[in-house]
Amino acid sequence: MADNQRNNFEHDFSERLKEFDAQIRIPGIPDAQAIFDRAETEKPKNNILKFKYIGTVAAAAVVVIMLVSVPAIRRMSMDASPKSSGEAAMFSMQSNEAEIALTEEYSPETAEEYSEDVTNAMNSGSAVKPNPPTGGSGDMLTAPLGINSISDVLGNYFDSSDSDSELKRTESNSVESFTEYISKKRSVDVGIESDSVSVMLNDDSGEREILSAFWVEGVYQSSYESEGIYVINLVSYVTEEDYESGNYMPLIGDAIKGTYSLPEEDVYVPDAITDALFNISININIETGEYEIYASLV
Amino acid sequence: MIAMIGGVVMKVDSELVVRASGGDKDAFTDLYNACYKDLYKYALYILGSSEDAADAVSDAFLESWRGISKLREPEAFSSWIFRILSLRCKRGIRTLIERRNTFDIDDLIEVPEEKSAGFEEQIAESTALAGALAKLTPEERMIVVLSVLHGYTNKEIAEILEKPQGTIGSKLSRTYAKLREMLGGENNG
């Protein structure tokens, strides 16, 4: 029964997609001569492009959580770095290296020699969840499970306060989009919209290629580079209307996973909040393109 | 001689491929004209922008003109150029991200005459389908378009996208499940 329904849907979808496809407007076909002209005037791009994606930025996550949540620890964390942090061992590591050879001989049998797999690269460049911090009385980064969920804390806040988040929501930073050249090998493009930020880390060592690319909902606040990590800070205010609709978690988007909400487990939740806003920090490993996105409810 | 390897829509005369690989611009132009529309639509599904799609197709043809002399099997031309285009589309990720993953293919279809019968239903149908496609990831769109519209097998899609065949099969199943959830409705239950 289920198989029949599935098959029926696939057949029906196929027909619908073909009908849709037939409606697509196709502009006039450009003259092929333009291709030959380009071939003569444009230099071929690099034949071999390397993408290296190694692991996850373990300590960066810890640093971010510290920076956005506990001022006392923030001061201590100024000396912390991804290389020195002992927490690095807590996080899984993975690596992937892909190569592209654009004009090598091609046949289906030698497919793997022909081209790169950017998708794999992008997959490995997307956020990788760390192991959750261990609990315990001394652990300031976690709260007793079930007591202060994001929903509960926001609910208490809106029940008990005259929230001015609606007004704060319109605040925006005047910084415009920018490109920062971090080194001769890396640059980062930060596209700033009123309600979101797009980020692309580029490998400039050969043909300019993207190591990581994504966008995050929130208002841009600041960014800086430290110890091989590029950090971007955002804020995202929650209105009572957002809360009541259930759509209060900041959104993230990339080309592999599409658009999705910031996972609740990546948000530090205190017992009580004063502003109903998420302080969001994006940490990008400049060398690998790996990134982590964490937030703290304030 | 018609090369039928992979796909059932984009038929390519492999004799043209042989001539083009020998540097015959007229033959390559014929290939270009024969394949352009299918490749453009494929890129459009992935990138969701007519301008980006046209750029990606142009880049793919440029790359194929430069590399066609090294194509050992003329019959593999279709899957070869889909592969080049897929790669180009993946590089188009920049513009996709800058547009916050927006997918405006609903602006790109031919809008039927308002007076025609079933006008509203057709618009609703197209909008629903475009909306569902927009919620897929670019890779899911690649897989479903290559499978449904171009008739490639999972094995062939795996070669084009450089993924294990099993991965393509499972992703296609999951994509159908997502689509069914989005489009299921009363007509597909």
# chains A, B, ... in the order shown; residues from 1 in each chain; ligands from 1
$ select_by_dssp --residues "chain B" --states "strand (DSSP E or B)" --output "PyMOL selection string"
chain B and resi 2-3+12-13+71+109
$ write_last_selection --atoms "N, CA and C atoms" --output "CSV table (one decimal), in the first residue's frame"
chain,number,residue,atom,x,y,z
B,2,ILE,N,23.2,8.5,-33.2
B,2,ILE,CA,22.7,9.3,-32.1
B,2,ILE,C,23.2,8.7,-30.8
B,3,ALA,N,23.9,9.5,-30.1
B,3,ALA,CA,24.4,9.0,-28.8
B,3,ALA,C,23.3,9.0,-27.8
B,12,VAL,N,22.3,13.6,-28.6
B,12,VAL,CA,23.4,14.3,-29.2
B,12,VAL,C,24.0,13.4,-30.3
B,13,ASP,N,24.2,14.0,-31.4
B,13,ASP,CA,24.8,13.3,-32.6
B,13,ASP,C,26.3,13.1,-32.3
B,71,LEU,N,38.1,14.4,-25.0
B,71,LEU,CA,37.0,13.5,-24.7
B,71,LEU,C,37.2,12.2,-25.4
B,109,ILE,N,8.7,31.3,-15.4
B,109,ILE,CA,7.9,30.4,-16.3
B,109,ILE,C,7.0,31.3,-17.2
$ interface_residues --of "chain B" --to "chain A" --cutoff "8 Å" --atoms "only C-alpha atoms" --output "PyMOL selection string"
chain B and resi 29+32-33+36-37+40-41+58+61-63+65-67+70-73+76+80+87+90-91+93-94+96-98+100-101+108-111+126+129+135-139+148-149+159-162+176+180+184+188-189
$ atom_distance --atom1 "atom CA of Gly169 of chain B" --atom2 "atom CA of Ala43 of chain B"
21.5 Å
$ residues_around --residues "Ala272 of chain A" --least-positions-apart "4" --cutoff "12 Å" --atoms "only C-alpha atoms" --output "PyMOL selection string"
chain A and resi 143+147-158+160-161+268+276-277+296-298
$ atom_distance --atom1 "atom CA of Ala295 of chain A" --atom2 "atom CA of Val267 of chain A"
4.6 Å
$ residues_around --residues "Ser21 of chain B" --least-positions-apart "2" --cutoff "7 Å" --atoms "only C-alpha atoms" --output "PyMOL selection string"
chain B and resi 17-19+23+68-69
$ write_last_selection --atoms "N, CA and C atoms" --output "short mmCIF file (atom, residue, chain, number, x, y, z; two decimals), in the first residue's frame"
data_model
loop_
_atom_site.label_atom_id
_atom_site.label_comp_id
_atom_site.auth_asym_id
_atom_site.auth_seq_id
_atom_site.Cartn_x
_atom_site.Cartn_y
_atom_site.Cartn_z
N VAL B 17 30.17 15.30 -32.26
CA VAL B 17 31.16 15.34 -31.18
C VAL B 17 32.54 15.02 -31.73
N VAL B 18 32.58 14.02 -32.58
CA VAL B 18 33.87 13.63 -33.16
C VAL B 18 34.45 14.79 -33.97
N ARG B 19 33.60 15.41 -34.76
CA ARG B 19 34.08 16.53 -35.58
C ARG B 19 34.49 17.72 -34.69
N GLY B 23 38.25 20.05 -33.70
CA GLY B 23 38.40 21.50 -33.85
C GLY B 23 37.40 22.12 -34.81
N ILE B 68 37.17 19.40 -25.30
CA ILE B 68 36.50 18.34 -26.07
C ILE B 68 37.50 17.47 -26.86
N SER B 69 38.64 18.02 -27.20
CA SER B 69 39.62 17.21 -27.95
C SER B 69 40.14 16.06 -27.11
#
$ closest_residue --among "A:Tyr294, A:Ser205, A:Ile182, A:Ser187" --to "Leu234 of chain A" --atoms "only C-alpha atoms"
A:Tyr294
